[in-house]
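Colleague: Sharing target_29.txt below, compact mmCIF, C-alpha atoms:
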```
# COMPACT_ATOMS: atom_id res chain seq x y z
CA MET A 1 92.83 118.93 132.63
CA GLU A 2 91.99 122.50 133.62
CA GLU A 3 89.12 123.28 135.93
CA TRP A 4 86.60 125.10 133.80
CA ASP A 5 84.49 125.84 136.87
CA GLU A 6 87.05 128.47 137.74
CA VAL A 7 87.17 129.88 134.23
CA GLU A 8 85.58 133.23 133.63
CA VAL A 9 82.61 133.05 131.32
CA PRO A 10 81.44 136.19 129.47
CA ASP A 11 78.39 137.50 131.29
CA ASN A 12 75.95 138.48 128.61
CA VAL A 13 74.13 136.35 126.08
CA LYS A 14 75.73 137.94 123.06
CA GLU A 15 79.30 137.62 124.31
CA ILE A 16 78.74 134.01 125.35
CA PHE A 17 77.34 133.31 121.94
CA VAL A 18 80.26 134.90 120.05
CA GLU A 19 82.69 133.00 122.29
CA MET A 20 80.85 129.75 121.55
CA LYS A 21 80.99 130.27 117.80
CA ASN A 22 84.69 131.17 117.80
CA THR A 23 85.56 128.27 120.11
CA ALA A 24 83.64 125.83 117.89
CA GLU A 25 85.48 127.01 114.78
CA LEU A 26 88.82 126.70 116.55
CA MET A 27 87.90 123.19 117.70
CA VAL A 28 87.14 122.06 114.15
CA ASP A 29 90.45 123.49 112.87
CA LEU A 30 92.39 121.90 115.73
CA ALA A 31 90.64 118.56 115.27
CA TYR A 32 91.54 118.49 111.56
CA SER A 33 95.13 119.45 112.38
CA ALA A 34 95.30 116.76 115.07
CA VAL A 35 94.11 114.15 112.54
CA LEU A 36 96.54 115.25 109.81
CA PHE A 37 99.61 115.37 112.00
CA ARG A 38 98.55 112.63 114.46
CA GLU A 39 99.04 115.17 117.26
CA LYS A 40 97.61 113.87 120.52
CA GLU A 41 98.43 117.07 122.37
CA MET A 42 96.23 119.00 119.94
CA ALA A 43 93.53 116.36 120.27
CA ASN A 44 93.59 116.83 124.05
CA GLU A 45 93.21 120.58 123.61
CA VAL A 46 90.07 119.89 121.55
CA LEU A 47 88.63 117.79 124.38
CA GLU A 48 89.41 120.50 126.94
CA LEU A 49 87.74 123.11 124.75
CA GLU A 50 84.73 120.82 124.54
CA GLU A 51 84.31 121.04 128.32
CA TYR A 52 84.62 124.82 128.15
CA LEU A 53 81.99 124.88 125.43
CA ASP A 54 79.56 122.82 127.50
CA LEU A 55 79.97 125.36 130.28
CA LEU A 56 79.34 128.23 127.86
CA ASN A 57 76.27 126.50 126.48
CA TYR A 58 74.86 125.99 129.97
CA ASN A 59 75.38 129.67 130.75
CA LEU A 60 73.80 130.67 127.45
CA MET A 61 70.69 128.66 128.24
CA VAL A 62 70.29 130.04 131.76
CA ARG A 63 70.75 133.64 130.69
CA ALA A 64 68.62 133.37 127.56
CA VAL A 65 65.72 131.82 129.44
CA LEU A 66 65.94 134.49 132.16
CA SER A 67 65.75 137.24 129.55
CA ALA A 68 62.36 136.16 128.12
CA ARG A 69 59.59 138.49 129.21
CA ASN A 70 56.66 137.41 127.03
CA ILE A 71 55.61 134.76 124.53
CA ARG A 72 57.05 136.57 121.52
CA ASP A 73 60.38 136.90 123.38
CA ALA A 74 60.30 133.26 124.34
CA GLU A 75 59.70 132.13 120.76
CA ARG A 76 62.64 134.06 119.41
CA ILE A 77 64.87 133.04 122.28
CA THR A 78 64.21 129.46 121.26
CA SER A 79 66.20 130.23 118.10
CA ILE A 80 69.16 131.21 120.29
CA LEU A 81 68.95 128.00 122.29
CA GLN A 82 68.63 126.08 119.04
CA MET A 83 71.78 127.69 117.71
CA GLY A 84 73.56 126.95 120.97
CA ARG A 85 72.62 123.31 120.55
CA SER A 86 73.76 123.36 116.92
CA ILE A 87 77.15 124.74 117.92
CA ASP A 88 77.33 122.03 120.57
CA ASP A 89 76.61 119.36 117.91
CA ILE A 90 79.45 120.69 115.78
CA THR A 91 81.89 120.58 118.68
CA ASN A 92 80.83 117.03 119.52
CA ALA A 93 81.83 116.12 115.98
CA ALA A 94 85.22 117.77 116.50
CA ALA A 95 85.64 115.95 119.83
CA ASP A 96 84.84 112.61 118.13
CA LEU A 97 87.65 113.25 115.65
CA ALA A 98 89.99 114.15 118.51
CA LYS A 99 89.15 110.90 120.32
CA MET A 100 90.04 108.90 117.19
CA VAL A 101 93.47 110.54 117.22
CA ILE A 102 94.02 109.72 120.90
CA GLU A 103 92.90 106.13 120.42
CA GLU A 104 95.03 105.86 117.23
CA LYS A 105 92.03 104.76 115.22
CA VAL A 106 92.17 107.20 112.32
CA HIS A 107 91.57 105.53 108.99
CA PRO A 108 94.02 106.86 106.33
CA LEU A 109 91.00 107.87 104.27
CA VAL A 110 89.99 110.43 106.90
CA THR A 111 93.37 112.11 106.46
CA GLU A 112 93.09 112.04 102.69
CA VAL A 113 89.66 113.62 102.75
CA ILE A 114 90.81 116.49 104.92
CA LEU A 115 93.79 117.04 102.62
CA GLU A 116 91.70 116.91 99.46
CA SER A 117 89.00 119.36 100.36
CA GLU A 118 89.33 122.86 98.94
CA GLU A 119 90.47 124.39 102.19
CA THR A 120 93.09 122.35 103.93
CA ILE A 121 95.58 122.46 106.77
CA GLY A 122 99.33 122.93 106.34
CA ARG A 123 102.49 123.10 108.40
CA VAL A 124 104.81 126.01 107.61
CA VAL A 125 108.32 126.34 109.07
CA VAL A 126 109.62 129.90 109.53
CA SER A 127 113.26 130.39 108.51
CA PRO A 128 115.39 133.16 110.07
CA GLU A 129 115.50 134.92 106.67
CA SER A 130 111.72 135.27 106.43
CA VAL A 131 110.02 138.69 106.46
CA LEU A 132 107.56 137.16 108.93
CA VAL A 133 110.17 137.11 111.71
CA GLY A 134 109.66 139.66 114.48
CA LYS A 135 106.25 140.78 113.20
CA SER A 136 103.02 140.32 115.15
CA LEU A 137 100.04 138.49 113.69
CA GLU A 138 98.21 141.81 113.76
CA GLU A 139 100.86 143.48 111.57
CA LEU A 140 100.99 140.49 109.23
CA ASP A 141 97.19 140.04 108.85
CA LEU A 142 97.82 136.70 107.14
CA PRO A 143 94.14 135.88 106.43
CA THR A 144 93.83 138.98 104.25
CA ASN A 145 97.35 139.07 102.85
CA THR A 146 97.90 135.38 102.13
CA GLY A 147 94.52 133.66 102.57
CA VAL A 148 95.90 131.57 105.45
CA TRP A 149 94.37 131.42 108.96
CA VAL A 150 96.73 130.61 111.80
CA VAL A 151 95.28 127.72 113.79
CA ALA A 152 98.26 127.15 116.09
CA ILE A 153 101.99 127.79 116.43
CA ARG A 154 104.51 125.24 117.65
CA ARG A 155 107.40 126.98 119.41
CA GLY A 156 110.03 124.51 120.61
CA LYS A 157 108.11 122.07 122.76
CA ARG A 158 105.21 124.43 123.37
CA TRP A 159 101.98 124.86 121.45
CA ILE A 160 100.23 128.21 121.14
CA PHE A 161 96.65 127.38 120.18
CA ASP A 162 94.54 130.15 118.63
CA PRO A 163 97.34 132.73 119.03
CA ASP A 164 96.40 136.31 119.95
CA ASP A 165 97.00 139.19 117.55
CA ASP A 166 100.01 140.43 119.50
CA VAL A 167 101.96 137.15 119.19
CA LYS A 168 105.17 137.77 117.22
CA ILE A 169 106.57 135.18 114.83
CA LEU A 170 110.02 133.88 115.79
CA PRO A 171 112.54 132.00 113.64
CA GLY A 172 111.96 128.24 113.89
CA ASP A 173 108.24 128.65 114.64
CA ILE A 174 106.05 126.05 113.01
CA ILE A 175 102.79 127.60 111.88
CA ILE A 176 99.72 125.36 111.48
CA GLY A 177 97.50 127.20 109.04
CA ARG A 178 94.21 126.74 107.21
CA GLY A 179 93.68 127.86 103.62
CA THR A 180 93.70 126.74 100.01
CA ARG A 181 96.68 124.76 98.79
CA THR A 182 97.76 127.78 96.72
CA ALA A 183 97.52 130.07 99.73
CA LEU A 184 99.50 127.68 101.93
CA ASP A 185 102.20 127.28 99.26
CA TYR A 186 102.43 131.04 99.02
CA LEU A 187 102.86 131.38 102.79
CA LYS A 188 105.53 128.65 102.67
CA GLU A 189 107.56 130.68 100.18
CA ILE A 190 107.29 133.72 102.43
CA ALA A 191 108.23 131.63 105.48
CA ARG A 192 111.26 130.19 103.68
CA GLY A 193 112.41 133.69 102.76
CA ILE A 194 112.00 133.10 99.01
CA ILE A 195 109.28 135.76 98.70
CA LYS A 196 110.52 138.91 100.41
CA VAL A 197 107.49 141.19 100.31
CA MET A 198 103.92 140.73 101.45
CA PRO A 199 101.10 141.92 99.15
CA ASN A 200 100.00 144.70 101.49
CA GLY A 201 103.33 145.01 103.33
CA MET B 202 62.14 119.76 95.61
CA GLU B 203 64.45 117.68 93.41
CA GLU B 204 64.43 113.90 93.47
CA TRP B 205 67.75 112.90 94.99
CA ASP B 206 67.02 109.26 94.20
CA GLU B 207 67.85 110.10 90.60
CA VAL B 208 70.98 112.05 91.49
CA GLU B 209 74.32 110.46 90.71
CA VAL B 210 76.32 109.63 93.81
CA PRO B 211 80.12 109.17 93.56
CA ASP B 212 80.80 105.43 93.64
CA ASN B 213 83.78 104.99 95.92
CA VAL B 214 84.12 105.64 99.63
CA LYS B 215 86.73 108.36 99.27
CA GLU B 216 84.84 110.36 96.66
CA ILE B 217 81.61 110.12 98.66
CA PHE B 218 83.49 111.30 101.71
CA VAL B 219 85.08 114.31 99.96
CA GLU B 220 81.68 115.21 98.48
CA MET B 221 80.12 115.02 101.97
CA LYS B 222 82.73 117.28 103.50
CA ASN B 223 82.47 119.88 100.74
CA THR B 224 78.67 119.79 100.78
CA ALA B 225 78.63 120.25 104.57
CA GLU B 226 80.91 123.29 104.35
CA LEU B 227 78.78 124.80 101.61
CA MET B 228 75.65 124.22 103.72
CA VAL B 229 77.11 126.07 106.70
CA ASP B 230 78.13 129.02 104.51
CA LEU B 231 74.72 129.11 102.82
CA ALA B 232 72.92 128.82 106.17
CA TYR B 233 74.85 131.78 107.58
CA SER B 234 74.17 133.79 104.41
CA ALA B 235 70.48 132.90 104.57
CA VAL B 236 70.30 134.13 108.17
CA LEU B 237 72.17 137.38 107.47
CA PHE B 238 70.18 138.35 104.41
CA ARG B 239 66.89 136.66 105.46
CA GLU B 240 67.01 134.76 102.14
CA LYS B 241 64.42 132.00 102.11
CA GLU B 242 65.54 130.76 98.71
CA MET B 243 69.02 130.12 100.12
CA ALA B 244 67.51 128.47 103.16
CA ASN B 245 65.58 126.12 100.88
CA GLU B 246 68.79 125.25 99.05
CA VAL B 247 70.29 124.27 102.42
CA LEU B 248 67.37 121.92 103.10
CA GLU B 249 67.69 120.34 99.66
CA LEU B 250 71.41 119.80 100.20
CA GLU B 251 70.55 118.17 103.52
CA GLU B 252 68.57 115.50 101.66
CA TYR B 253 71.46 114.99 99.27
CA LEU B 254 73.80 114.62 102.23
CA ASP B 255 71.60 111.99 103.86
CA LEU B 256 71.77 110.02 100.61
CA LEU B 257 75.57 110.36 100.52
CA ASN B 258 75.84 109.27 104.14
CA TYR B 259 73.70 106.20 103.46
CA ASN B 260 75.90 105.28 100.50
CA LEU B 261 79.05 105.85 102.57
CA MET B 262 77.82 103.47 105.24
CA VAL B 263 76.86 100.71 102.81
CA ARG B 264 80.14 100.90 100.87
CA ALA B 265 82.35 101.24 103.96
CA VAL B 266 80.75 98.25 105.66
CA LEU B 267 81.10 96.17 102.47
CA SER B 268 84.81 96.96 102.30
CA ALA B 269 85.69 95.50 105.73
CA ARG B 270 87.52 92.20 105.38
CA ASN B 271 88.76 91.53 108.92
CA ILE B 272 88.49 92.87 112.47
CA ARG B 273 91.29 95.41 112.07
CA ASP B 274 89.63 96.71 108.90
CA ALA B 275 86.30 96.88 110.66
CA GLU B 276 87.72 98.88 113.57
CA ARG B 277 89.26 101.50 111.35
CA ILE B 278 86.21 101.66 109.14
CA THR B 279 84.26 102.60 112.25
CA SER B 280 86.24 105.86 112.24
CA ILE B 281 84.93 106.57 108.73
CA LEU B 282 81.34 105.90 109.76
CA GLN B 283 81.90 108.09 112.83
CA MET B 284 83.13 110.92 110.66
CA GLY B 285 80.17 110.46 108.33
CA ARG B 286 77.88 110.83 111.34
CA SER B 287 79.81 113.89 112.51
CA ILE B 288 79.41 115.54 109.12
CA ASP B 289 75.72 114.69 109.27
CA ASP B 290 75.45 116.37 112.71
CA ILE B 291 77.03 119.52 111.31
CA THR B 292 74.61 119.64 108.40
CA ASN B 293 71.67 119.13 110.76
CA ALA B 294 72.84 122.24 112.55
CA ALA B 295 72.93 124.14 109.25
CA ALA B 296 69.45 122.84 108.38
CA ASP B 297 68.13 124.04 111.78
CA LEU B 298 69.39 127.53 110.98
CA ALA B 299 67.76 127.36 107.55
CA LYS B 300 64.43 126.37 109.09
CA MET B 301 64.56 129.40 111.40
CA VAL B 302 64.92 131.62 108.32
CA ILE B 303 61.96 129.98 106.58
CA GLU B 304 59.80 130.25 109.72
CA GLU B 305 60.97 133.85 110.25
CA LYS B 306 62.09 133.07 113.77
CA VAL B 307 65.64 134.38 113.67
CA HIS B 308 66.54 136.33 116.80
CA PRO B 309 68.51 139.51 115.89
CA LEU B 310 71.28 138.24 118.16
CA VAL B 311 71.91 135.28 115.86
CA THR B 312 72.60 137.74 113.03
CA GLU B 313 74.88 139.84 115.22
CA VAL B 314 76.90 136.83 116.27
CA ILE B 315 77.49 135.75 112.69
CA LEU B 316 78.52 139.30 111.77
CA GLU B 317 80.84 139.66 114.74
CA SER B 318 82.87 136.51 114.37
CA GLU B 319 86.28 136.87 112.76
CA GLU B 320 85.20 135.39 109.47
CA THR B 321 81.93 136.78 108.23
CA ILE B 322 79.68 136.91 105.18
CA GLY B 323 79.33 139.89 102.88
CA ARG B 324 77.43 141.01 99.80
CA VAL B 325 79.52 142.58 97.04
CA VAL B 326 78.01 144.27 93.97
CA VAL B 327 80.11 144.17 90.78
CA SER B 328 80.18 147.43 88.81
CA PRO B 329 80.81 147.46 85.03
CA GLU B 330 84.16 149.22 85.66
CA SER B 331 85.53 146.44 87.85
CA VAL B 332 88.53 144.34 86.78
CA LEU B 333 86.52 141.31 87.90
CA VAL B 334 84.16 141.60 84.92
CA GLY B 335 84.57 138.93 82.24
CA LYS B 336 87.04 136.89 84.26
CA SER B 337 86.35 133.36 85.49
CA LEU B 338 86.59 132.40 89.15
CA GLU B 339 89.54 130.20 88.20
CA GLU B 340 91.44 133.18 86.72
CA LEU B 341 90.54 135.39 89.67
CA ASP B 342 91.37 132.84 92.44
CA LEU B 343 89.71 135.12 94.97
CA PRO B 344 90.44 132.96 98.06
CA THR B 345 94.18 133.34 97.50
CA ASN B 346 94.22 136.85 96.05
CA THR B 347 91.69 138.54 98.31
CA GLY B 348 90.97 136.12 101.16
CA VAL B 349 87.30 135.89 100.11
CA TRP B 350 85.50 132.61 99.32
CA VAL B 351 82.58 132.84 96.92
CA VAL B 352 79.55 131.18 98.51
CA ALA B 353 77.00 132.17 95.88
CA ILE B 354 76.32 134.64 93.08
CA ARG B 355 73.02 136.39 92.48
CA ARG B 356 72.55 137.11 88.78
CA GLY B 357 69.29 138.94 88.07
CA LYS B 358 66.62 136.75 89.62
CA ARG B 359 68.77 133.63 89.59
CA TRP B 360 71.10 132.24 92.27
CA ILE B 361 74.26 130.33 91.43
CA PHE B 362 75.12 128.39 94.59
CA ASP B 363 78.70 127.12 94.98
CA PRO B 364 79.69 128.40 91.50
CA ASP B 365 82.10 126.31 89.43
CA ASP B 366 85.58 127.58 88.57
CA ASP B 367 84.60 128.37 84.99
CA VAL B 368 81.78 130.79 85.95
CA LYS B 369 82.62 134.29 84.67
CA ILE B 370 81.73 137.41 86.64
CA LEU B 371 79.29 139.73 84.87
CA PRO B 372 78.53 143.39 85.61
CA GLY B 373 75.67 143.66 88.11
CA ASP B 374 76.45 140.28 89.71
CA ILE B 375 76.01 140.20 93.47
CA ILE B 376 78.70 138.06 95.07
CA ILE B 377 78.01 136.50 98.48
CA GLY B 378 81.44 135.89 99.97
CA ARG B 379 83.01 134.64 103.18
CA GLY B 380 86.15 136.17 104.66
CA THR B 381 87.44 138.64 107.21
CA ARG B 382 85.91 142.09 107.27
CA THR B 383 89.20 143.49 105.85
CA ALA B 384 89.19 140.94 103.02
CA LEU B 385 85.54 141.65 102.16
CA ASP B 386 86.17 145.42 102.17
CA TYR B 387 89.11 144.88 99.86
CA LEU B 388 87.00 142.84 97.43
CA LYS B 389 84.31 145.54 97.57
CA GLU B 390 86.83 148.15 96.41
CA ILE B 391 87.87 145.87 93.53
CA ALA B 392 84.21 145.19 92.66
CA ARG B 393 83.42 148.91 92.64
CA GLY B 394 86.34 149.57 90.30
CA ILE B 395 88.24 151.68 92.87
CA ILE B 396 91.14 149.21 93.03
CA LYS B 397 92.20 148.39 89.48
CA VAL B 398 94.75 145.61 89.99
CA MET B 399 94.63 142.32 91.83
CA PRO B 400 97.64 141.32 93.99
CA ASN B 401 98.62 138.41 91.76
CA GLY B 402 96.93 139.75 88.63
```
Can you turn what I pasted into structure tokens?
Modeller:
Amino acid sequence: MEEWDEVEVPDNVKEIFVEMKNTAELMVDLAYSAVLFREKEMANEVLELEEYLDLLNYNLMVRAVLSARNIRDAERITSILQMGRSIDDITNAAADLAKMVIEEKVHPLVTEVILESEETIGRVVVSPESVLVGKSLEELDLPTNTGVWVVAIRRGKRWIFDPDDDVKILPGDIIIGRGTRTALDYLKEIARGIIKVMPNG
Amino acid sequence: MEEWDEVEVPDNVKEIFVEMKNTAELMVDLAYSAVLFREKEMANEVLELEEYLDLLNYNLMVRAVLSARNIRDAERITSILQMGRSIDDITNAAADLAKMVIEEKVHPLVTEVILESEETIGRVVVSPESVLVGKSLEELDLPTNTGVWVVAIRRGKRWIFDPDDDVKILPGDIIIGRGTRTALDYLKEIARGIIKVMPNG
């Protein structure tokens, strides 16, 4: 478990807030992926992010309260604290899912429900023949070009969670992505090397 | 306010569960849209969906508990109830956002944060020259072809929330969509009639 106390936290309310929202969305995606693939390592990452999020939320509260100068300020700042709490509720839900994975108590129905919703999670293996190979996520812009969001990449024994834009796809990478079934199937064809051009490529 | 007591609820655990998950995701999208566009009508829809979700959650609990036949069953069913509660937490967060819109207490920062996250919400006006006109959402498959999810459509004075697949786009429709900034810009060009073909069209 990392020591979040030593982690750098963004130092203004807005940046903390954006970081909280993005972290929460990542946690939900990772929690769903952990459930689908029974991946305890992913589940642990969710729990670590939960600690980071608590730290962010604490910092948000302190800084938001300090910034209030009058009653009107204070009233509106309440809406920020409220949203911080809402984000925290959402991440607690993701952490609960992660704990089920770790304790091996996931009912098969939970898996089915995640699979059957409109947007789902898929596992895509990149073959050496794929046009994806050697390109960075920035160049590929998969959300726009295929409708798939990259949640994580498995490279050998290592996980890259929430990969940065400059990460390049290598042959053998396993991409965990979120999107519609159609979008995921499309990305699979590209990853297998069956489709050789990207829409905007 | 509609009477949810008279609303039909799916009658098996799995269907209730899927309905809960989809409803929760719609509520979050609508809540964000309501905040961005200060749309009280949308915010009210979120609060109505919250009541529907409470009813679904109650039905999920009753049916899940009834289905337990032994201790092992009961343990795993707990994970279903837990997930029901998690979904309920998420929708409470969406409802809190909706209430802020109705009470006009949204801090500008909340808007900024929603706009600045990777996936955002946009408003797209459909011109009579657009290739979208006259086509159904099923034919268009916007999530796969443009990376944009349709959250709602404003048609004249009427809102269509979570439009069905058979809804056809009419000239003058205002589409509220969720996607990356690039994806939303791309859909805007199609909606204006500047781009005349769809990737898979």
Colleague: Please identify all polymer residues within 9 Å of stretch 44-57 of chain A, counting all atoms listed in the file, omitting same-chain residues fewer than 3 positions from it, and present them as a PyMOL selection string.
Modeller: chain A and resi 1-2+4-5+7+9-10+16-17+19-20+23-24+26-28+30-31+34+39-41+60-62+81+84-85+87-88+91-92+94-96+98-99+102+161
Colleague: Need the shell around B:Val368: protein/DNA/RNA residues with any atom at most 7 Å away, counting only C-alpha atoms. Skip same-chain ones fewer than 3 positions apart. Format as a list in words?
Modeller: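 In the requested format, the answer is Ser337, Leu338, Pro364 and Asp365 of chain B.
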Colleague: In Å to one decimal, how far is atom CA of B:Ile322 from atom CA of A:Lys14?
Modeller: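 Interatomic distance here is 18.3 Å.
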Colleague: Hey, list the chain A side of the contact with chain B: 7 Å cut-off, all atoms listed in the file, answer as an NGL selection string.
Modeller: :A and (14 or 17-18 or 22 or 76-77 or 79-80 or 86 or 89-90 or 93 or 100 or 105-107 or 109-110 or 113 or 117 or 143-144 or 146-147 or 182-183 or 199)
Colleague: Would you mind reading off the distance between atom CA of A:Leu170 and atom CA of A:Gly134, one decimal, in Å?
Modeller: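 Distance reported for this atom pair: 5.9 Å.
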Colleague: Kindly extract all protein, DNA and RNA residues lying within 6 Å of the coordinates (81.8, 128.1, 97.3) given in the file, considering all atoms listed in the file, and supply them as a ChimeraX atom specification.
Modeller: /B:351-352,363
Colleague: Can you work out the spacing between atom CA of A:Arg178 and atom CA of A:Lys196 in Å, to one decimal?
Modeller: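 Computed distance, atom CA of A:Arg178 to atom CA of A:Lys196, equals 21.5 Å.
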Colleague: Go through B:Thr312, B:Val266, B:Lys369, B:Asn260 one by one, measure the shortest atom-to-atom distance of each to B:Glu340 using only C-alpha atoms, and give the residue with the smallest value.
Modeller: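 Using only C-alpha atoms, the shortest distance to B:Glu340 belongs to B:Lys369.
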Colleague: List as a ChimeraX atom specification the residues having at least one atom at most 12 Å from position (84.4, 154.9, 92.7) as given in the file, counting all atoms listed in the file.
Modeller: /B:327-331,389-397
